[in-house]
Number of protein chains: 4
Amino acid sequence: MADGAAAIADTSSSAVATGGVAADRLRSFIERIERLEEDKQAIMADMKEVYAEAKGEGYDAKIMRQIVRIRKMDRVERQEQEAILELYLSALGEA
Amino acid sequence: MADGAAAIADTSSSAVATGGVAADRLRSFIERIERLEEDKQAIMADMKEVYAEAKGEGYDAKIMRQIVRIRKMDRVERQEQEAILELYLSALGEA
Amino acid sequence: MADGAAAIADTSSSAVATGGVAADRLRSFIERIERLEEDKQAIMADMKEVYAEAKGEGYDAKIMRQIVRIRKMDRVERQEQEAILELYLSALGEA
Amino acid sequence: MADGAAAIADTSSSAVATGGVAADRLRSFIERIERLEEDKQAIMADMKEVYAEAKGEGYDAKIMRQIVRIRKMDRVERQEQEAILELYLSALGEA
DNA sequence: CGGCGCTACGTCCGTC
DNA sequence: GACGGACGTAGCGCCG
């Protein structure tokens with residue numbers, strides 16, 4: 001390892017042994033990703049369930065999504081406002 | 001009827017009390033969604049970490065993503081094949 | 001024309017004549033796109049110029065971009081708020 | 001010093017007057033940017049229209065995008081070739 | 001050359 | 001059942 005560029009192929013010693021190791025390492029990464037991906041899908045399924053349940057009680061999913069989005073935007077904007085404030089402050093600090 | 005269409009508004013009794021209850025219920029749904037969303041974000045962050053780590057060892061994230069995608073498609077195809085197979089089998093069982 | 005699926009290939013009569021026509025039509029679309037793309041690039045260049053000019057007067061482009069983004073978000077959010085209000089109103093109207 | 005770093009704040013004389021001027025100047029830049037951004041959005045909308053029209057006649061937008069991209073690369077390459085050629089020519093002229 | 005922001009693509013949902 | 005629209009995610013290009 002510690003090589004970089006080569007992805008998969010060589011890293012150091014014998015092509016065969018090394019290739020095997022690299023492949024195993026790669027496989028490990030891939031599997032970790034896939035495991036996480038599964039978890040993510042599970043969560044997304046839960047979200048769908050919640051929307052479905054809400055719909056079952058007469059709430060409109062479209063509206064709910066919009067509310068979630070707006071609240072998120074509020075949060076994001078808040079953060080950006082803070083970020084910009086910080087930028088201003090650091091800019092002034094350097095004057 | 002349950003209520004359906006009205007989202008927010010009525011469910012049954014007095015508009016005021018009900019509005020409050022409906023709002024609380026809605027709030028509850030929204031918060032569940034937002035909680036799940038957070039979890040999802042956390043997982044995505046983990047995935048980014050994995051990609052970063054892999055990159056640090058010389059693997060190309062873009063290629064890894066392609067691999068994941070292809071494997072996923074394989075899985076889907078496999079499932080479809082199995083579904084078809086099952087269909088055939090049940091058809092034969094019923095023949 | 002009026003066909004769909006086939007992209008380029010057949011549309012109706014003789015492959016040659018038709019192919020020629022389709023190719024010409026495609027070429028026309030492509031060129032329109034490329035013309036628009038050029039215009040877009042020109043505008044983006046103008047924007048860069050403005051940022052550069054501002055920078056020349058001591059304004060920080062990064063901050064400016066953030067301001068522009070926030071203002072845009074404000075606009076979008078405003079619109080979404082209105083959209084949601086409308087949704088609520090129509091939902092209530094149907095109750 | 002000219003001003004530089006400070007963005008917003010000082011440029012020269014009294015903080016108040018100057019702040020106002022700087023703010024106005026900044027506002028002007030921001031508005032120019034926003035105006036250009038609008039134009040850009042308009043052009044992008046036009047492009048979407050063209051793609052939609054093409055799609056309506058059976059052409060695949062994704063493929064068209066690829067074509068545009070490839071042609072653009074060709075153009076860029078061509079320009080680079082010419083740049084190199086020019087370089088050679090000027091080198092010879094100066095030799 | 002690494003991070004960030006914007007654009008473009010694929011997916012999912014609602015519609016007709 | 002297909003179409004179009006909306007959303008979220010992935011790729012790309014610019015800036016630092």
# chains A, B, ... in the order shown; residues from 1 in each chain; ligands from 1
>>> residues_around(residues="DT11 (chain E)", least_positions_apart="4", cutoff="10 Å", atoms="only C-alpha atoms (C1' of nucleotides)", output="PyMOL selection string")
chain F and resi 7-9
>>> closest_atom_pairs(of="chain B", to="chain A", cutoff="9 Å", atoms="only C-alpha atoms", output="Markdown table")
| residue | atom | partner | partner_atom | distance |
| --- | --- | --- | --- | --- |
| B:Ala2 | CA | A:Glu57 | CA | 7.2 |
| B:Asp3 | CA | A:Gly58 | CA | 5.8 |
| B:Gly4 | CA | A:Gly58 | CA | 3.9 |
| B:Ala5 | CA | A:Gly58 | CA | 6.1 |
| B:Ala6 | CA | A:Gly58 | CA | 6.6 |
| B:Ala7 | CA | A:Tyr59 | CA | 4.3 |
| B:Ile8 | CA | A:Tyr59 | CA | 6.5 |
| B:Thr11 | CA | A:Gly58 | CA | 8.3 |
| B:Arg25 | CA | A:Ala54 | CA | 8.7 |
| B:Leu26 | CA | A:Tyr59 | CA | 7.6 |
| B:Phe29 | CA | A:Ala54 | CA | 6.8 |
| B:Ile30 | CA | A:Val68 | CA | 6.7 |
| B:Glu31 | CA | A:Val68 | CA | 8.8 |
| B:Arg32 | CA | A:Val50 | CA | 7.5 |
| B:Ile33 | CA | A:Met47 | CA | 6.0 |
| B:Glu34 | CA | A:Val68 | CA | 7.2 |
| B:Leu36 | CA | A:Ile43 | CA | 6.4 |
| B:Glu37 | CA | A:Met47 | CA | 8.0 |
| B:Asp39 | CA | A:Ile43 | CA | 7.6 |
| B:Lys40 | CA | A:Lys40 | CA | 5.8 |
| B:Gln41 | CA | A:Lys40 | CA | 8.8 |
| B:Ile43 | CA | A:Leu36 | CA | 6.4 |
| B:Met44 | CA | A:Lys40 | CA | 7.7 |
| B:Asp46 | CA | A:Leu36 | CA | 7.7 |
| B:Met47 | CA | A:Ile33 | CA | 6.0 |
| B:Val50 | CA | A:Phe29 | CA | 6.8 |
| B:Tyr51 | CA | A:Phe29 | CA | 7.8 |
| B:Glu53 | CA | A:Phe29 | CA | 8.7 |
| B:Ala54 | CA | A:Phe29 | CA | 6.8 |
| B:Lys55 | CA | A:Gly4 | CA | 7.6 |
| B:Gly56 | CA | A:Gly4 | CA | 7.0 |
| B:Glu57 | CA | A:Gly4 | CA | 5.6 |
| B:Gly58 | CA | A:Gly4 | CA | 3.3 |
| B:Tyr59 | CA | A:Ala7 | CA | 4.5 |
| B:Asp60 | CA | A:Ala7 | CA | 6.4 |
| B:Met64 | CA | A:Ile30 | CA | 7.0 |
| B:Arg65 | CA | A:Ile30 | CA | 8.6 |
| B:Ile67 | CA | A:Ile30 | CA | 7.9 |
| B:Val68 | CA | A:Ile30 | CA | 6.7 |
| B:Lys72 | CA | A:Glu34 | CA | 8.8 |
>>> write_last_selection(atoms="N, CA and C atoms", output="CSV table (one decimal), in the first residue's frame")
chain,number,residue,atom,x,y,z
B,2,ALA,N,-62.5,8.7,7.2
B,2,ALA,CA,-61.3,9.0,8.0
B,2,ALA,C,-61.0,10.5,7.9
B,3,ASP,N,-60.9,11.1,6.8
B,3,ASP,CA,-60.7,12.5,6.5
B,3,ASP,C,-60.0,12.7,5.2
B,4,GLY,N,-58.8,12.2,5.1
B,4,GLY,CA,-58.2,12.2,3.8
B,4,GLY,C,-57.8,13.6,3.4
B,5,ALA,N,-58.3,14.1,2.3
B,5,ALA,CA,-58.0,15.3,1.6
B,5,ALA,C,-57.5,16.4,2.5
B,6,ALA,N,-58.1,16.6,3.6
B,6,ALA,CA,-57.9,17.9,4.3
B,6,ALA,C,-56.5,18.2,4.9
B,7,ALA,N,-55.7,17.2,5.0
B,7,ALA,CA,-54.4,17.5,5.6
B,7,ALA,C,-54.5,18.6,6.6
B,8,ILE,N,-53.9,18.4,7.7
B,8,ILE,CA,-53.9,19.4,8.8
B,8,ILE,C,-55.3,19.5,9.4
B,11,THR,N,-60.2,16.3,11.6
B,11,THR,CA,-60.2,14.8,11.7
B,11,THR,C,-61.6,14.4,12.3
B,25,ARG,N,-49.7,15.9,15.7
B,25,ARG,CA,-49.5,14.6,15.0
B,25,ARG,C,-48.5,14.9,13.8
B,26,LEU,N,-48.8,15.9,13.1
B,26,LEU,CA,-48.0,16.3,11.9
B,26,LEU,C,-46.6,16.5,12.4
B,29,PHE,N,-44.8,13.4,12.9
B,29,PHE,CA,-44.4,12.8,11.6
B,29,PHE,C,-43.1,13.5,11.1
B,30,ILE,N,-43.2,14.8,11.0
B,30,ILE,CA,-42.1,15.6,10.5
B,30,ILE,C,-40.8,15.3,11.2
B,31,GLU,N,-41.0,15.2,12.5
B,31,GLU,CA,-39.7,15.0,13.3
B,31,GLU,C,-39.2,13.6,13.1
B,32,ARG,N,-40.1,12.6,12.9
B,32,ARG,CA,-39.6,11.2,12.7
B,32,ARG,C,-38.8,11.3,11.4
B,33,ILE,N,-39.4,11.9,10.4
B,33,ILE,CA,-38.7,12.0,9.1
B,33,ILE,C,-37.4,12.7,9.2
B,34,GLU,N,-37.4,13.7,9.9
B,34,GLU,CA,-36.1,14.5,10.1
B,34,GLU,C,-35.0,13.7,10.8
B,36,LEU,N,-34.8,10.4,10.8
B,36,LEU,CA,-34.4,9.4,9.8
B,36,LEU,C,-33.4,10.0,8.8
B,37,GLU,N,-33.8,11.2,8.4
B,37,GLU,CA,-32.9,11.9,7.4
B,37,GLU,C,-31.5,12.1,8.0
B,39,ASP,N,-30.1,10.3,10.2
B,39,ASP,CA,-29.4,9.0,10.2
B,39,ASP,C,-28.9,8.7,8.8
B,40,LYS,N,-29.7,9.0,7.8
B,40,LYS,CA,-29.2,8.8,6.5
B,40,LYS,C,-28.0,9.6,6.1
B,41,GLN,N,-28.0,10.8,6.6
B,41,GLN,CA,-26.9,11.7,6.3
B,41,GLN,C,-25.6,11.1,7.0
B,43,ILE,N,-25.0,8.0,7.6
B,43,ILE,CA,-24.5,6.8,6.8
B,43,ILE,C,-23.8,7.3,5.6
B,44,MET,N,-24.3,8.3,4.9
B,44,MET,CA,-23.7,8.8,3.8
B,44,MET,C,-22.3,9.4,4.1
B,46,ASP,N,-20.4,8.2,6.5
B,46,ASP,CA,-19.6,7.0,6.6
B,46,ASP,C,-19.1,6.5,5.3
B,47,MET,N,-20.0,6.5,4.3
B,47,MET,CA,-19.6,6.0,3.0
B,47,MET,C,-18.5,6.9,2.4
B,50,VAL,N,-15.3,5.9,3.9
B,50,VAL,CA,-14.8,4.7,3.3
B,50,VAL,C,-14.1,5.0,1.9
B,51,TYR,N,-14.8,5.8,1.1
B,51,TYR,CA,-14.2,6.2,-0.2
B,51,TYR,C,-12.9,6.9,0.0
B,53,GLU,N,-10.9,6.7,2.5
B,53,GLU,CA,-9.9,5.8,3.0
B,53,GLU,C,-9.3,5.0,1.9
B,54,ALA,N,-10.2,4.5,1.0
B,54,ALA,CA,-9.8,3.7,-0.1
B,54,ALA,C,-8.9,4.6,-1.0
B,55,LYS,N,-9.4,5.8,-1.2
B,55,LYS,CA,-8.6,6.7,-2.1
B,55,LYS,C,-7.2,6.9,-1.5
B,56,GLY,N,-7.1,7.0,-0.2
B,56,GLY,CA,-5.8,7.1,0.5
B,56,GLY,C,-4.9,5.9,0.2
B,57,GLU,N,-5.5,4.8,-0.2
B,57,GLU,CA,-4.7,3.6,-0.4
B,57,GLU,C,-4.6,3.4,-1.9
B,58,GLY,N,-4.9,4.4,-2.7
B,58,GLY,CA,-4.7,4.4,-4.1
B,58,GLY,C,-5.8,3.9,-5.0
B,59,TYR,N,-7.0,3.6,-4.4
B,59,TYR,CA,-8.1,3.2,-5.2
B,59,TYR,C,-8.9,4.4,-5.7
B,60,ASP,N,-9.5,4.2,-6.9
B,60,ASP,CA,-10.2,5.3,-7.5
B,60,ASP,C,-11.7,5.3,-7.1
B,64,MET,N,-14.7,2.6,-8.1
B,64,MET,CA,-15.4,1.9,-7.0
B,64,MET,C,-16.9,2.0,-7.1
B,65,ARG,N,-17.3,3.3,-7.3
B,65,ARG,CA,-18.8,3.5,-7.5
B,65,ARG,C,-19.3,2.7,-8.6
B,67,ILE,N,-18.2,-0.1,-9.7
B,67,ILE,CA,-18.3,-1.5,-9.3
B,67,ILE,C,-19.5,-1.8,-8.5
B,68,VAL,N,-19.7,-0.9,-7.5
B,68,VAL,CA,-20.9,-1.1,-6.6
B,68,VAL,C,-22.2,-1.1,-7.5
B,72,LYS,N,-24.7,-4.2,-8.0
B,72,LYS,CA,-26.1,-4.0,-7.6
B,72,LYS,C,-27.0,-4.5,-8.7
>>> interface_residues(of="chain E", to="chain C", cutoff="12 Å", atoms="only C-alpha atoms (C1' of nucleotides)", output="number ranges by chain")
E: 4-6
>>> write_last_selection(atoms="N, CA and C atoms (P, O5', C5', C4', C3', O3' and C1' of nucleotides)", output="compact mmCIF listing (two decimals), in the first residue's frame")
# COMPACT_ATOMS: atom_id res chain seq x y z
P DC E 4 -14.63 21.32 1.25
O5' DC E 4 -15.19 22.16 0.01
C5' DC E 4 -14.64 23.44 -0.29
C4' DC E 4 -15.51 24.17 -1.29
C3' DC E 4 -17.02 24.00 -1.08
O3' DC E 4 -17.65 25.25 -1.36
C1' DC E 4 -16.44 23.20 -3.23
P DG E 5 -19.18 25.50 -1.16
O5' DG E 5 -19.70 25.73 -2.65
C5' DG E 5 -19.03 26.64 -3.53
C4' DG E 5 -19.65 26.53 -4.90
C3' DG E 5 -21.17 26.43 -4.88
O3' DG E 5 -21.69 27.32 -5.86
C1' DG E 5 -20.25 24.54 -5.98
P DC E 6 -23.24 27.34 -6.20
O5' DC E 6 -23.23 26.56 -7.60
C5' DC E 6 -22.22 26.91 -8.56
C4' DC E 6 -22.42 26.12 -9.83
C3' DC E 6 -23.86 26.00 -10.29
O3' DC E 6 -23.90 26.18 -11.70
C1' DC E 6 -22.95 23.83 -9.96
>>> select_by_dssp(residues="chain A", states="alpha helix (DSSP H)", output="PyMOL selection string")
chain A and resi 15-56+61-94
>>> write_last_selection(atoms="C-alpha atoms", output="short mmCIF file (atom, residue, chain, number, x, y, z; two decimals), in the first residue's frame")
data_model
loop_
_atom_site.label_atom_id
_atom_site.label_comp_id
_atom_site.auth_asym_id
_atom_site.auth_seq_id
_atom_site.Cartn_x
_atom_site.Cartn_y
_atom_site.Cartn_z
CA ALA A 15 2.33 -9.18 -8.95
CA VAL A 16 0.41 -12.27 -7.94
CA ALA A 17 0.61 -12.02 -4.18
CA THR A 18 0.17 -8.28 -4.27
CA GLY A 19 -2.67 -8.40 -6.73
CA GLY A 20 -4.37 -10.80 -4.41
CA VAL A 21 -3.89 -8.53 -1.45
CA ALA A 22 -5.00 -5.45 -3.34
CA ALA A 23 -8.04 -7.30 -4.61
CA ASP A 24 -8.92 -8.41 -1.11
CA ARG A 25 -8.50 -4.92 0.20
CA LEU A 26 -10.66 -3.56 -2.56
CA ARG A 27 -13.23 -6.22 -1.94
CA SER A 28 -13.25 -5.21 1.70
CA PHE A 29 -13.91 -1.57 0.81
CA ILE A 30 -16.61 -2.51 -1.62
CA GLU A 31 -18.33 -4.68 0.90
CA ARG A 32 -18.23 -1.99 3.54
CA ILE A 33 -19.82 0.36 1.08
CA GLU A 34 -22.45 -2.14 0.16
CA ARG A 35 -23.26 -2.76 3.79
CA LEU A 36 -23.70 0.95 4.36
CA GLU A 37 -25.75 1.21 1.22
CA GLU A 38 -28.07 -1.46 2.59
CA ASP A 39 -28.47 0.49 5.81
CA LYS A 40 -29.26 3.57 3.84
CA GLN A 41 -31.89 1.77 1.83
CA ALA A 42 -33.42 0.50 5.05
CA ILE A 43 -33.68 4.01 6.37
CA MET A 44 -35.18 5.25 3.16
CA ALA A 45 -37.73 2.46 3.41
CA ASP A 46 -38.56 3.62 6.93
CA MET A 47 -39.07 7.12 5.65
CA LYS A 48 -41.44 5.84 3.03
CA GLU A 49 -43.31 4.02 5.76
CA VAL A 50 -43.66 7.18 7.79
CA TYR A 51 -44.97 9.05 4.79
CA ALA A 52 -47.36 6.22 4.10
CA GLU A 53 -48.59 6.19 7.68
CA ALA A 54 -49.07 9.95 7.63
CA LYS A 55 -50.94 9.64 4.36
CA GLY A 56 -53.11 7.03 5.99
CA ALA A 61 -46.96 13.65 1.60
CA LYS A 62 -46.20 16.37 -0.89
CA ILE A 63 -46.87 19.04 1.67
CA MET A 64 -44.89 17.18 4.30
CA ARG A 65 -41.92 16.91 2.00
CA GLN A 66 -42.13 20.61 1.34
CA ILE A 67 -42.22 21.35 5.06
CA VAL A 68 -39.19 19.17 5.65
CA ARG A 69 -37.39 20.85 2.80
CA ILE A 70 -38.19 24.36 4.02
CA ARG A 71 -37.09 23.52 7.54
CA LYS A 72 -33.89 22.13 6.11
CA MET A 73 -33.35 25.26 4.06
CA ASP A 74 -33.89 27.34 7.15
CA ARG A 75 -31.21 25.32 8.87
CA VAL A 76 -28.84 25.52 5.94
CA GLU A 77 -29.39 29.21 5.51
CA ARG A 78 -28.83 29.77 9.19
CA GLN A 79 -25.52 27.95 8.89
CA GLU A 80 -24.57 29.90 5.82
CA GLN A 81 -25.43 33.14 7.55
CA GLU A 82 -23.12 32.13 10.34
CA ALA A 83 -20.46 31.10 7.89
CA ILE A 84 -20.70 34.43 6.13
CA LEU A 85 -20.55 36.28 9.41
CA GLU A 86 -17.41 34.37 10.25
CA LEU A 87 -15.98 35.22 6.85
CA TYR A 88 -16.69 38.87 7.42
CA LEU A 89 -15.16 38.75 10.84
CA SER A 90 -12.01 37.05 9.62
CA ALA A 91 -11.83 39.50 6.72
CA LEU A 92 -12.05 42.39 9.15
CA GLY A 93 -9.53 40.74 11.41
CA GLU A 94 -7.03 40.80 8.60
#
>>> calpha_fit_rmsd(fixed="chain D", moving="chain C")
1.6 Å
>>> interface_residues(of="chain F", to="chain C", cutoff="12 Å", atoms="only C-alpha atoms (C1' of nucleotides)", output="list in words")
DC14, DC15 and DG16 of chain F
>>> write_last_selection(atoms="C-alpha atoms (C1' of nucleotides)", output="PDB file, in the first residue's frame")
ATOM      1  C1'  DC F  14     -13.296  26.177 -11.234  1.00  0.00           C
ATOM      2  C1'  DC F  15     -10.822  28.229  -7.425  1.00  0.00           C
ATOM      3  C1'  DG F  16      -7.670  28.344  -4.060  1.00  0.00           C
TER       4       DG F  16
END
>>> atom_distance(atom1="C1' of DC12 (chain E)", atom2="C1' of DA10 (chain F)")
16.9 Å
>>> atom_distance(atom1="C1' of DG14 (chain E)", atom2="C1' of DG5 (chain F)")
8.8 Å
